[in-house]
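File shown here: model_16.csv, holding CSV, C-alpha atoms.
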```csv
chain,number,residue,atom,x,y,z
I,1,MET,CA,16.0,-39.3,-15.6
I,2,ALA,CA,14.1,-36.2,-14.3
I,3,ILE,CA,12.0,-36.7,-11.2
I,4,SER,CA,8.7,-34.8,-11.1
I,5,VAL,CA,7.9,-32.8,-8.0
I,6,ALA,CA,4.2,-32.4,-9.0
I,7,GLY,CA,1.7,-32.1,-6.2
I,8,GLY,CA,3.5,-33.7,-3.3
I,9,VAL,CA,5.0,-32.2,-0.2
I,10,ARG,CA,6.5,-28.8,-1.1
I,11,PRO,CA,10.2,-29.2,-1.9
I,12,GLY,CA,12.6,-26.8,-0.2
I,13,LYS,CA,13.3,-25.1,-3.5
I,14,ILE,CA,9.6,-24.3,-4.0
I,15,ILE,CA,9.4,-22.8,-0.5
I,16,GLU,CA,12.6,-20.8,-1.2
I,17,ILE,CA,11.2,-19.4,-4.4
I,18,GLU,CA,7.9,-18.4,-2.8
I,19,HIS,CA,9.7,-16.8,0.1
I,20,ARG,CA,11.9,-14.9,-2.4
I,21,LEU,CA,8.7,-13.2,-3.7
I,22,TYR,CA,7.8,-11.9,-0.3
I,23,GLN,CA,11.4,-10.8,0.2
I,24,GLN,CA,11.2,-8.7,-2.9
I,25,LEU,CA,7.8,-7.3,-1.9
I,26,ILE,CA,8.8,-6.4,1.7
I,27,LEU,CA,12.6,-6.0,1.6
I,28,GLY,CA,13.3,-5.2,-2.1
I,29,LYS,CA,14.5,-1.7,-2.7
I,30,GLN,CA,13.0,-1.3,-6.1
I,31,LYS,CA,10.2,1.3,-6.4
I,32,ALA,CA,6.8,0.3,-7.7
I,33,GLY,CA,4.9,2.3,-10.3
I,34,PRO,CA,1.4,3.7,-9.8
I,35,THR,CA,-1.2,1.1,-9.0
I,36,LEU,CA,-4.6,0.3,-10.5
I,37,LEU,CA,-7.1,3.1,-10.2
I,38,ASP,CA,-4.2,5.4,-9.0
I,39,ASP,CA,-5.3,4.6,-5.5
I,40,LEU,CA,-2.1,6.0,-3.8
I,41,ASP,CA,-1.9,9.7,-4.3
I,42,ARG,CA,1.1,11.6,-5.6
I,43,GLU,CA,1.5,13.6,-2.4
I,44,LEU,CA,2.3,10.4,-0.5
I,45,GLU,CA,4.7,9.4,-3.2
I,46,ALA,CA,6.5,12.7,-3.0
I,47,ASP,CA,6.7,12.3,0.8
I,48,ALA,CA,8.2,8.8,0.4
I,49,ASN,CA,10.8,10.1,-2.0
I,50,LYS,CA,11.6,13.1,0.3
I,51,LEU,CA,12.0,10.7,3.3
I,52,ASP,CA,14.3,8.4,1.4
I,53,VAL,CA,16.6,11.3,0.3
I,54,GLU,CA,16.6,12.8,3.8
I,55,ARG,CA,17.4,9.5,5.5
I,56,GLU,CA,20.2,8.7,3.0
I,57,ALA,CA,21.8,12.2,3.4
I,58,ILE,CA,21.7,12.0,7.2
I,59,LEU,CA,23.1,8.4,7.2
I,60,SER,CA,25.9,9.4,4.9
I,61,ARG,CA,26.9,12.3,7.2
I,62,LEU,CA,26.7,10.1,10.3
I,63,LEU,CA,28.8,7.4,8.8
I,64,LYS,CA,31.6,9.9,8.2
I,65,GLN,CA,31.8,10.7,11.9
I,66,ILE,CA,32.9,8.0,14.2
I,67,GLN,CA,31.3,9.3,17.4
I,68,ALA,CA,28.1,10.2,15.6
I,69,ARG,CA,28.0,6.8,14.0
I,70,GLU,CA,28.2,5.2,17.4
I,71,VAL,CA,25.3,7.3,18.6
I,72,PHE,CA,23.3,6.4,15.5
I,73,GLU,CA,24.0,2.7,15.9
I,74,ALA,CA,23.0,2.7,19.6
I,75,ILE,CA,19.9,4.8,19.2
I,76,SER,CA,18.8,2.9,16.0
I,77,LYS,CA,19.3,-0.5,17.6
I,78,GLN,CA,17.3,0.5,20.7
I,79,LEU,CA,14.4,2.0,18.7
I,80,THR,CA,14.3,-1.0,16.4
I,81,GLU,CA,14.3,-3.5,19.3
I,82,THR,CA,11.5,-1.5,21.0
I,83,VAL,CA,9.4,-1.7,17.9
I,84,ASN,CA,10.1,-5.3,17.2
I,85,ASN,CA,9.2,-6.3,20.8
I,86,ALA,CA,5.9,-4.5,20.5
I,87,ILE,CA,5.1,-6.2,17.2
I,88,GLU,CA,6.0,-9.6,18.6
I,89,HIS,CA,3.8,-9.0,21.6
I,90,GLN,CA,0.7,-8.1,19.5
I,91,LEU,CA,1.2,-10.9,16.9
I,92,ALA,CA,1.5,-13.5,19.7
I,93,SER,CA,-2.3,-13.1,20.2
I,94,PRO,CA,-4.7,-13.3,17.3
I,95,GLU,CA,-7.3,-11.7,19.5
I,96,LEU,CA,-5.1,-8.7,20.1
I,97,VAL,CA,-4.4,-8.5,16.3
I,98,LEU,CA,-8.1,-8.5,15.6
I,99,ASP,CA,-8.7,-5.8,18.2
I,100,LYS,CA,-5.9,-3.6,16.6
I,101,SER,CA,-6.9,-4.3,13.0
I,102,GLU,CA,-9.6,-2.6,11.0
I,103,ILE,CA,-11.4,-5.9,10.2
I,104,ASN,CA,-14.9,-6.4,11.6
I,105,GLU,CA,-17.9,-8.7,11.3
I,106,SER,CA,-19.8,-6.5,8.8
I,107,GLN,CA,-17.0,-6.6,6.3
I,108,ILE,CA,-16.7,-10.4,6.4
I,109,LEU,CA,-20.5,-10.9,6.4
I,110,LEU,CA,-20.6,-8.7,3.2
I,111,LEU,CA,-17.9,-10.9,1.6
I,112,GLU,CA,-19.8,-14.0,2.7
I,113,LEU,CA,-23.1,-12.7,1.1
I,114,LEU,CA,-21.3,-12.0,-2.2
I,115,LEU,CA,-20.7,-15.8,-2.5
I,116,ALA,CA,-24.4,-16.5,-2.8
I,117,LYS,CA,-25.6,-17.7,-6.2
I,118,ASN,CA,-28.4,-15.1,-6.1
I,119,LEU,CA,-27.3,-11.8,-4.6
I,120,ASP,CA,-29.9,-10.0,-2.5
I,121,ALA,CA,-29.4,-6.2,-2.8
I,122,THR,CA,-31.6,-5.5,0.2
I,123,ARG,CA,-29.2,-7.5,2.4
I,124,LEU,CA,-26.1,-6.0,0.9
I,125,ARG,CA,-27.1,-2.3,1.0
I,126,PRO,CA,-27.2,-1.8,4.8
I,127,LEU,CA,-23.9,-3.5,5.2
I,128,ILE,CA,-22.3,-1.3,2.5
I,129,SER,CA,-24.0,1.8,4.0
I,130,ASN,CA,-22.3,1.1,7.4
I,131,LEU,CA,-18.9,1.1,5.8
I,132,SER,CA,-18.1,4.7,5.1
I,133,TRP,CA,-14.9,3.9,3.2
I,134,LEU,CA,-16.7,1.5,1.0
I,135,CYS,CA,-19.5,3.9,0.2
I,136,ARG,CA,-16.9,6.5,-0.6
I,137,ASP,CA,-14.9,4.2,-2.9
I,138,LEU,CA,-18.0,2.9,-4.8
I,139,THR,CA,-19.4,6.4,-5.1
I,140,ASN,CA,-16.2,7.8,-6.4
I,141,MET,CA,-16.0,5.0,-8.9
I,142,VAL,CA,-19.5,5.7,-10.3
I,143,ASN,CA,-18.8,9.4,-10.5
I,144,SER,CA,-15.4,9.0,-12.2
I,145,PRO,CA,-15.1,10.3,-15.8
I,146,ALA,CA,-14.5,6.8,-17.1
I,147,PHE,CA,-17.6,5.4,-15.5
I,148,ARG,CA,-19.8,8.4,-16.3
I,149,ALA,CA,-19.4,7.6,-20.0
I,150,ARG,CA,-21.2,4.3,-19.3
I,151,ARG,CA,-24.2,5.9,-17.6
I,152,PRO,CA,-27.3,6.1,-19.8
I,153,GLN,CA,-28.4,9.7,-18.8
I,154,SER,CA,-27.6,12.6,-16.6
I,155,SER,CA,-23.9,11.8,-16.8
I,156,ASP,CA,-23.0,15.2,-15.4
I,157,VAL,CA,-25.0,14.7,-12.2
I,158,ARG,CA,-23.0,13.4,-9.3
I,159,VAL,CA,-24.6,10.3,-7.7
I,160,THR,CA,-24.5,10.1,-3.9
I,161,ASP,CA,-27.4,7.7,-3.0
I,162,ILE,CA,-25.9,4.3,-2.3
I,163,LYS,CA,-28.9,2.5,-3.8
I,164,LEU,CA,-28.4,4.4,-7.1
I,165,VAL,CA,-24.7,3.7,-6.9
I,166,MET,CA,-25.3,0.0,-6.6
I,167,ASN,CA,-27.8,0.1,-9.4
I,168,TYR,CA,-25.3,1.8,-11.8
I,169,ILE,CA,-22.6,-0.7,-10.9
I,170,GLY,CA,-24.9,-3.8,-11.2
I,171,ILE,CA,-25.5,-6.4,-8.6
I,172,GLU,CA,-23.2,-9.1,-10.2
I,173,ASN,CA,-20.3,-6.6,-10.7
I,174,LEU,CA,-20.2,-6.1,-6.9
I,175,ARG,CA,-18.7,-9.7,-6.6
I,176,THR,CA,-15.6,-8.3,-8.2
I,177,ILE,CA,-15.5,-4.8,-6.9
I,178,ILE,CA,-16.2,-5.2,-3.2
I,179,PRO,CA,-13.4,-7.8,-2.4
I,180,TYR,CA,-11.1,-5.5,-4.4
I,181,PHE,CA,-11.9,-2.5,-2.3
I,182,CYS,CA,-11.9,-4.5,1.0
I,183,LEU,CA,-8.3,-5.7,0.4
I,184,ARG,CA,-7.2,-2.2,-0.6
I,185,ASN,CA,-8.7,-0.8,2.7
I,186,TRP,CA,-6.8,-3.4,4.8
I,187,LEU,CA,-3.4,-2.6,3.2
I,188,PRO,CA,-1.2,0.0,5.0
I,189,SER,CA,-2.3,3.4,3.8
I,190,GLY,CA,-1.0,6.9,4.3
I,191,ASN,CA,2.4,5.6,5.3
I,192,ALA,CA,5.4,6.9,3.3
I,193,LYS,CA,7.8,4.3,4.7
I,194,LEU,CA,5.7,1.4,3.3
I,195,LEU,CA,4.6,3.0,0.1
I,196,TRP,CA,6.6,0.8,-2.2
I,197,THR,CA,5.9,-2.3,-0.2
I,198,THR,CA,2.2,-1.6,-0.3
I,199,ARG,CA,2.2,-1.0,-4.0
I,200,LYS,CA,4.1,-4.2,-4.7
I,201,LEU,CA,1.8,-6.3,-2.5
I,202,TRP,CA,-1.3,-4.7,-4.0
I,203,ARG,CA,-0.1,-5.6,-7.5
I,204,TYR,CA,0.7,-9.2,-6.4
I,205,SER,CA,-2.8,-9.5,-4.9
I,206,ILE,CA,-4.5,-8.1,-8.0
I,207,VAL,CA,-2.5,-10.4,-10.4
I,208,SER,CA,-3.5,-13.4,-8.2
I,209,GLY,CA,-7.1,-12.3,-8.2
I,210,ILE,CA,-7.2,-11.9,-12.0
I,211,ALA,CA,-5.4,-15.2,-12.5
I,212,ALA,CA,-7.8,-17.0,-10.1
I,213,ASN,CA,-10.9,-15.6,-11.9
I,214,ALA,CA,-9.5,-16.7,-15.3
I,215,LEU,CA,-8.8,-20.3,-14.0
I,216,ALA,CA,-12.2,-20.6,-12.3
I,217,GLN,CA,-13.9,-19.6,-15.6
I,218,LEU,CA,-11.8,-22.0,-17.5
I,219,HIS,CA,-12.8,-24.9,-15.2
I,220,ASN,CA,-16.5,-23.8,-14.7
I,221,THR,CA,-15.9,-23.5,-11.0
I,222,ASP,CA,-17.4,-21.0,-8.5
I,223,SER,CA,-15.4,-17.9,-9.6
I,224,ALA,CA,-16.7,-15.7,-6.7
I,225,LEU,CA,-15.2,-18.0,-4.1
I,226,VAL,CA,-11.9,-18.5,-6.0
I,227,TYR,CA,-11.5,-14.8,-6.8
I,228,SER,CA,-12.3,-13.7,-3.3
I,229,GLY,CA,-10.1,-16.4,-1.8
I,230,ALA,CA,-7.2,-15.3,-3.9
I,231,LEU,CA,-7.5,-11.7,-2.6
I,232,MET,CA,-8.2,-12.7,1.0
I,233,ASN,CA,-5.1,-14.9,0.9
I,234,GLN,CA,-3.2,-11.6,1.5
I,235,LEU,CA,-5.4,-10.6,4.5
I,236,GLY,CA,-2.9,-11.8,7.1
I,237,THR,CA,0.1,-10.2,5.4
I,238,SER,CA,-1.8,-6.9,5.1
I,239,VAL,CA,-2.7,-6.9,8.7
I,240,VAL,CA,0.8,-7.7,9.9
I,241,LEU,CA,2.2,-4.9,7.7
I,242,SER,CA,-0.5,-2.4,8.9
I,243,LEU,CA,0.0,-3.3,12.5
I,244,SER,CA,3.8,-3.1,12.3
I,245,ALA,CA,3.6,0.3,10.5
I,246,ARG,CA,1.3,1.8,13.1
I,247,LEU,CA,3.6,0.6,16.0
I,248,PHE,CA,6.7,1.9,14.2
I,249,ASP,CA,5.1,5.3,13.5
I,250,LYS,CA,3.9,5.6,17.0
I,251,THR,CA,7.3,4.8,18.6
I,252,TRP,CA,9.3,6.7,16.0
I,253,GLY,CA,7.1,9.8,16.4
I,254,ASN,CA,7.5,9.7,20.2
I,255,TRP,CA,11.2,9.5,19.9
I,256,ILE,CA,11.4,12.3,17.4
I,257,ARG,CA,9.3,14.6,19.6
I,258,GLU,CA,11.5,13.7,22.7
I,259,ALA,CA,14.7,14.4,20.8
I,260,SER,CA,13.4,17.6,19.4
I,261,SER,CA,12.3,18.8,22.8
I,262,SER,CA,15.7,18.0,24.3
I,263,ARG,CA,17.4,19.7,21.3
I,264,ASP,CA,19.7,16.8,20.9
I,265,LYS,CA,20.6,16.9,17.2
I,266,GLU,CA,22.6,13.6,17.3
I,267,VAL,CA,19.7,11.7,18.7
I,268,TYR,CA,17.3,13.4,16.4
I,269,ASP,CA,19.3,12.6,13.3
I,270,ALA,CA,19.8,9.0,14.5
I,271,VAL,CA,16.0,8.5,14.9
I,272,ILE,CA,15.3,10.1,11.5
I,273,ALA,CA,17.8,7.8,9.9
I,274,THR,CA,16.4,4.7,11.4
I,275,GLU,CA,14.5,2.6,8.8
I,276,PHE,CA,11.4,0.6,9.2
I,277,PRO,CA,12.4,-2.9,10.5
I,278,ALA,CA,11.5,-4.6,7.2
I,279,LYS,CA,13.5,-7.7,7.8
I,280,ALA,CA,12.0,-8.5,11.2
I,281,VAL,CA,8.5,-7.8,9.8
I,282,PHE,CA,9.2,-10.0,6.8
I,283,GLU,CA,9.9,-12.9,9.3
I,284,GLN,CA,6.6,-12.1,11.1
I,285,VAL,CA,4.8,-12.3,7.8
I,286,LEU,CA,6.2,-15.7,7.1
I,287,SER,CA,5.3,-16.9,10.6
I,288,HIS,CA,1.8,-15.4,11.0
I,289,GLY,CA,0.5,-14.2,7.6
I,290,HIS,CA,-1.3,-17.3,6.3
I,291,LYS,CA,-2.5,-18.4,9.8
I,292,LEU,CA,-4.1,-15.0,10.4
I,293,ASN,CA,-6.0,-15.3,7.1
I,294,TRP,CA,-8.4,-17.8,8.8
I,295,GLN,CA,-7.8,-17.2,12.5
I,296,LEU,CA,-9.2,-13.7,12.3
I,297,LEU,CA,-12.3,-15.0,10.4
I,298,GLU,CA,-12.8,-17.7,13.1
I,299,LEU,CA,-12.6,-15.1,15.8
I,300,LEU,CA,-15.4,-13.2,14.1
I,301,LYS,CA,-17.5,-16.4,14.2
I,302,PHE,CA,-17.2,-17.3,10.6
I,303,GLU,CA,-15.7,-20.8,11.1
I,304,GLN,CA,-18.1,-22.4,8.7
I,305,SER,CA,-17.7,-19.8,5.9
I,306,PRO,CA,-16.5,-21.2,2.6
I,307,LEU,CA,-13.9,-18.4,2.6
I,308,THR,CA,-12.6,-19.4,6.0
I,309,GLN,CA,-12.5,-23.1,5.1
I,310,LEU,CA,-10.6,-22.3,1.9
I,311,LEU,CA,-8.0,-20.1,3.6
I,312,LYS,CA,-7.5,-22.6,6.4
I,313,GLU,CA,-7.1,-25.4,3.8
I,314,LEU,CA,-4.4,-23.4,1.9
I,315,ASP,CA,-2.5,-22.8,5.2
I,316,GLN,CA,-2.8,-26.3,6.7
I,317,THR,CA,-2.8,-28.8,3.8
I,318,LEU,CA,0.7,-30.3,3.5
I,319,THR,CA,0.5,-31.3,-0.2
I,320,TYR,CA,-0.9,-29.5,-3.2
I,321,ARG,CA,-2.7,-32.7,-4.4
I,322,GLU,CA,-4.8,-32.8,-1.3
I,323,LEU,CA,-6.4,-29.5,-1.9
I,324,SER,CA,-10.0,-29.2,-3.0
I,325,MET,CA,-10.7,-27.7,-6.5
I,326,PRO,CA,-11.3,-24.1,-5.3
I,327,ALA,CA,-8.2,-24.1,-3.1
I,328,ALA,CA,-6.1,-25.7,-5.8
I,329,LEU,CA,-7.2,-23.0,-8.3
I,330,VAL,CA,-6.2,-20.3,-5.8
I,331,ALA,CA,-2.8,-22.0,-5.3
I,332,ARG,CA,-2.2,-22.2,-9.0
I,333,ALA,CA,-3.2,-18.5,-9.4
I,334,ASN,CA,-0.8,-17.6,-6.6
I,335,CYS,CA,1.9,-19.6,-8.3
I,336,TYR,CA,1.5,-17.9,-11.6
I,337,ALA,CA,1.4,-14.4,-9.9
I,338,LYS,CA,4.6,-15.2,-8.0
I,339,VAL,CA,6.4,-16.3,-11.1
I,340,LEU,CA,5.1,-13.3,-13.2
I,341,LEU,CA,6.3,-10.8,-10.6
I,342,LEU,CA,9.6,-12.5,-10.0
I,343,GLU,CA,10.2,-12.5,-13.8
I,344,GLU,CA,9.4,-8.7,-13.9
I,345,MET,CA,12.0,-8.2,-11.1
I,346,ARG,CA,14.5,-10.6,-12.8
I,347,GLN,CA,14.6,-12.7,-9.7
I,348,ILE,CA,13.8,-16.2,-11.1
I,349,GLU,CA,15.5,-18.5,-13.5
I,350,PRO,CA,13.7,-20.4,-16.4
I,351,GLN,CA,14.2,-23.8,-14.6
I,352,GLU,CA,12.8,-22.4,-11.4
I,353,ARG,CA,9.7,-21.2,-13.3
I,354,ARG,CA,9.3,-24.7,-14.8
I,355,LEU,CA,9.7,-26.2,-11.3
I,356,MET,CA,6.9,-24.0,-9.9
I,357,PHE,CA,4.5,-24.8,-12.8
I,358,ASP,CA,5.4,-28.5,-12.4
I,359,TYR,CA,4.7,-28.6,-8.7
I,360,TYR,CA,1.3,-26.8,-9.0
I,361,GLU,CA,0.4,-28.8,-12.1
I,362,LEU,CA,-0.3,-25.9,-14.3
I,363,SER,CA,-1.4,-27.3,-17.7
I,364,GLU,CA,-0.4,-25.8,-21.1
I,365,GLN,CA,-4.0,-24.7,-21.6
I,366,GLU,CA,-4.0,-22.9,-18.2
I,367,VAL,CA,-0.7,-21.2,-18.9
I,368,LEU,CA,-2.0,-20.0,-22.3
I,369,ARG,CA,-5.2,-18.7,-20.7
I,370,LEU,CA,-3.3,-16.9,-17.9
I,371,LYS,CA,-0.8,-15.4,-20.4
I,372,ALA,CA,-3.7,-13.9,-22.3
I,373,GLN,CA,-5.0,-11.8,-19.3
I,374,ASN,CA,-4.3,-8.1,-18.8
I,375,TYR,CA,-2.6,-7.8,-15.4
I,376,ARG,CA,-2.1,-4.1,-15.7
I,377,LYS,CA,-5.8,-3.3,-15.6
I,378,LEU,CA,-8.5,-4.9,-13.5
I,379,ASP,CA,-11.6,-5.1,-15.6
I,380,LEU,CA,-14.1,-4.0,-12.9
I,381,LEU,CA,-17.0,-3.9,-15.2
```
Rewrite the structure of this file - the entire thing - as structure tokens.
Amino acid sequence: MAISVAGGVRPGKIIEIEHRLYQQLILGKQKAGPTLLDDLDRELEADANKLDVEREAILSRLLKQIQAREVFEAISKQLTETVNNAIEHQLASPELVLDKSEINESQILLLELLLAKNLDATRLRPLISNLSWLCRDLTNMVNSPAFRARRPQSSDVRVTDIKLVMNYIGIENLRTIIPYFCLRNWLPSGNAKLLWTTRKLWRYSIVSGIAANALAQLHNTDSALVYSGALMNQLGTSVVLSLSARLFDKTWGNWIREASSSRDKEVYDAVIATEFPAKAVFEQVLSHGHKLNWQLLELLKFEQSPLTQLLKELDQTLTYRELSMPAALVARANCYAKVLLLEEMRQIEPQERRLMFDYYELSEQEVLRLKAQNYRKLDLL
């Protein structure tokens, strides 16, 4: 007789499957395709490919020479340990993480205001205006060829005024678009070493968001909270990756310059061939990712925010059945997204898929609704 695992304390197998998804996102060697809105430019992709080829060529040459290999192993180990120690030091203090991150009160207040039943454009506009990257993203979207076709007149005139930009987009559509752009801004950017990781995490986040929105609509629940909660559930992971990438780049760059100044080719090659410490960062994501989701918001004085409460609930609640309806919908959306991506990567068995759906109590109706969604294109408008 089969024993159902539905809703109780998460079995070890469920935890293993969920960790497997993050292993594939952070440690997996497969390359991810272009993301939605083509947000990562081709130049960075070319840099990433060039870096991979250069590292592999140097590593292959070093491994053929015993002495050079010993130098590589010693230098690489020392560099990696230096970076890992710096990462551990910063992640030990949520206050220090917040100080080093690009998250601020204005961003969270903006997300908070988007949860209101009746949006007030006069309160949103100054907050948007103070975020230069958000103004740029919204303006670029409104002036894109695809969007211009929707504009009723003067489609060839570039819109720059943020009030007009918001009017073209529509106040209700901002509920979908702004959390989308916020998460994208928090992900590591301009970093060739993390290009593929960023793309995979971005896709997972968007699949979760689309699934959460579909489930919220199916159950007539607050879709703004559930959708934003699904995207914000990757806030901590994004911050850990961004912080780690900056620390690695800073240390790696210093070592490269020192080796170049000393004209020590062996040391230079060893530093070039040293990879980003993805395994150690993966462990830090598992340790800190979900906690930072709500700890950072509390440090910004948003303890009572529905978003903070939802993210804290997802992190601290021991069993699925104890979750509130909004948190349960986010958990189910995350479950579906994990299964979908693991299936695309061929990293999950049919019985494991059933186990995941059983634990998170995904009904046949919900699965049918989720299967009908287009996860390759976010319907922004």
Query raised in the report: Leaving out Asn85 in chain I and any residue of its chain fewer than 2 positions from it, which residues lie within 12 Å of it when counting only C-alpha atoms, given as a list in words?
Result: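 Residues meeting the cut-off are Gln78, Leu79, Thr80, Glu81, Thr82, Val83, Ile87, Glu88, His89, Gln90, Leu91, Ala92, Ser244, Leu247, Phe248, Thr251, Pro277, Ala280, Val281 and Gln284 of chain I.
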Query raised in the report: Which value, in Å to one decimal, gives the distance between CA of Leu341 in chain I and CA of Gly229 in chain I?
Result: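 It comes out at 19.4 Å.
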Mind running range 215-275 of chain I against range 165-182 of chain I at 10 Å and telling me each contacting residue's nearest atom pair with the distance in Å (one decimal), counting all atoms listed in the file, chain and number ascending, as JSON lines?
```
{"residue": "I:Ser223", "atom": "CA", "partner": "I:Arg175", "partner_atom": "CA", "distance": 9.3}
{"residue": "I:Ala224", "atom": "CA", "partner": "I:Arg175", "partner_atom": "CA", "distance": 6.3}
{"residue": "I:Leu225", "atom": "CA", "partner": "I:Arg175", "partner_atom": "CA", "distance": 9.3}
{"residue": "I:Tyr227", "atom": "CA", "partner": "I:Thr176", "partner_atom": "CA", "distance": 7.8}
{"residue": "I:Ser228", "atom": "CA", "partner": "I:Pro179", "partner_atom": "CA", "distance": 6.1}
{"residue": "I:Gly229", "atom": "CA", "partner": "I:Pro179", "partner_atom": "CA", "distance": 9.2}
{"residue": "I:Ala230", "atom": "CA", "partner": "I:Pro179", "partner_atom": "CA", "distance": 9.8}
{"residue": "I:Leu231", "atom": "CA", "partner": "I:Pro179", "partner_atom": "CA", "distance": 7.1}
{"residue": "I:Met232", "atom": "CA", "partner": "I:Pro179", "partner_atom": "CA", "distance": 7.9}
{"residue": "I:Leu235", "atom": "CA", "partner": "I:Cys182", "partner_atom": "CA", "distance": 9.6}
```
Requested in this report: Calculate how many Å separate CA of Lys279 in chain I from CA of Thr237 in chain I, rounding to one decimal.
Outcome: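 Distance between the two atoms: 13.8 Å.
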Query raised in the report: Using all atoms listed in the file, which of the listed residues (I:Glu102, I:Glu349, I:Glu73, I:Glu322) sits closest to Gly8 in chain I?
Result: I:Glu322
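When only C-alpha atoms are used to measure the gap to Ser189 in chain I, the shortest distance among I:Leu134, I:Val142, I:Ala278, I:Val239 belongs to I:Val239.
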Query raised in the report: Can you tell me how far CA of Gln316 in chain I sits from CA of Trp294 in chain I, in Å to one decimal?
Result: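 The value is 10.4 Å.
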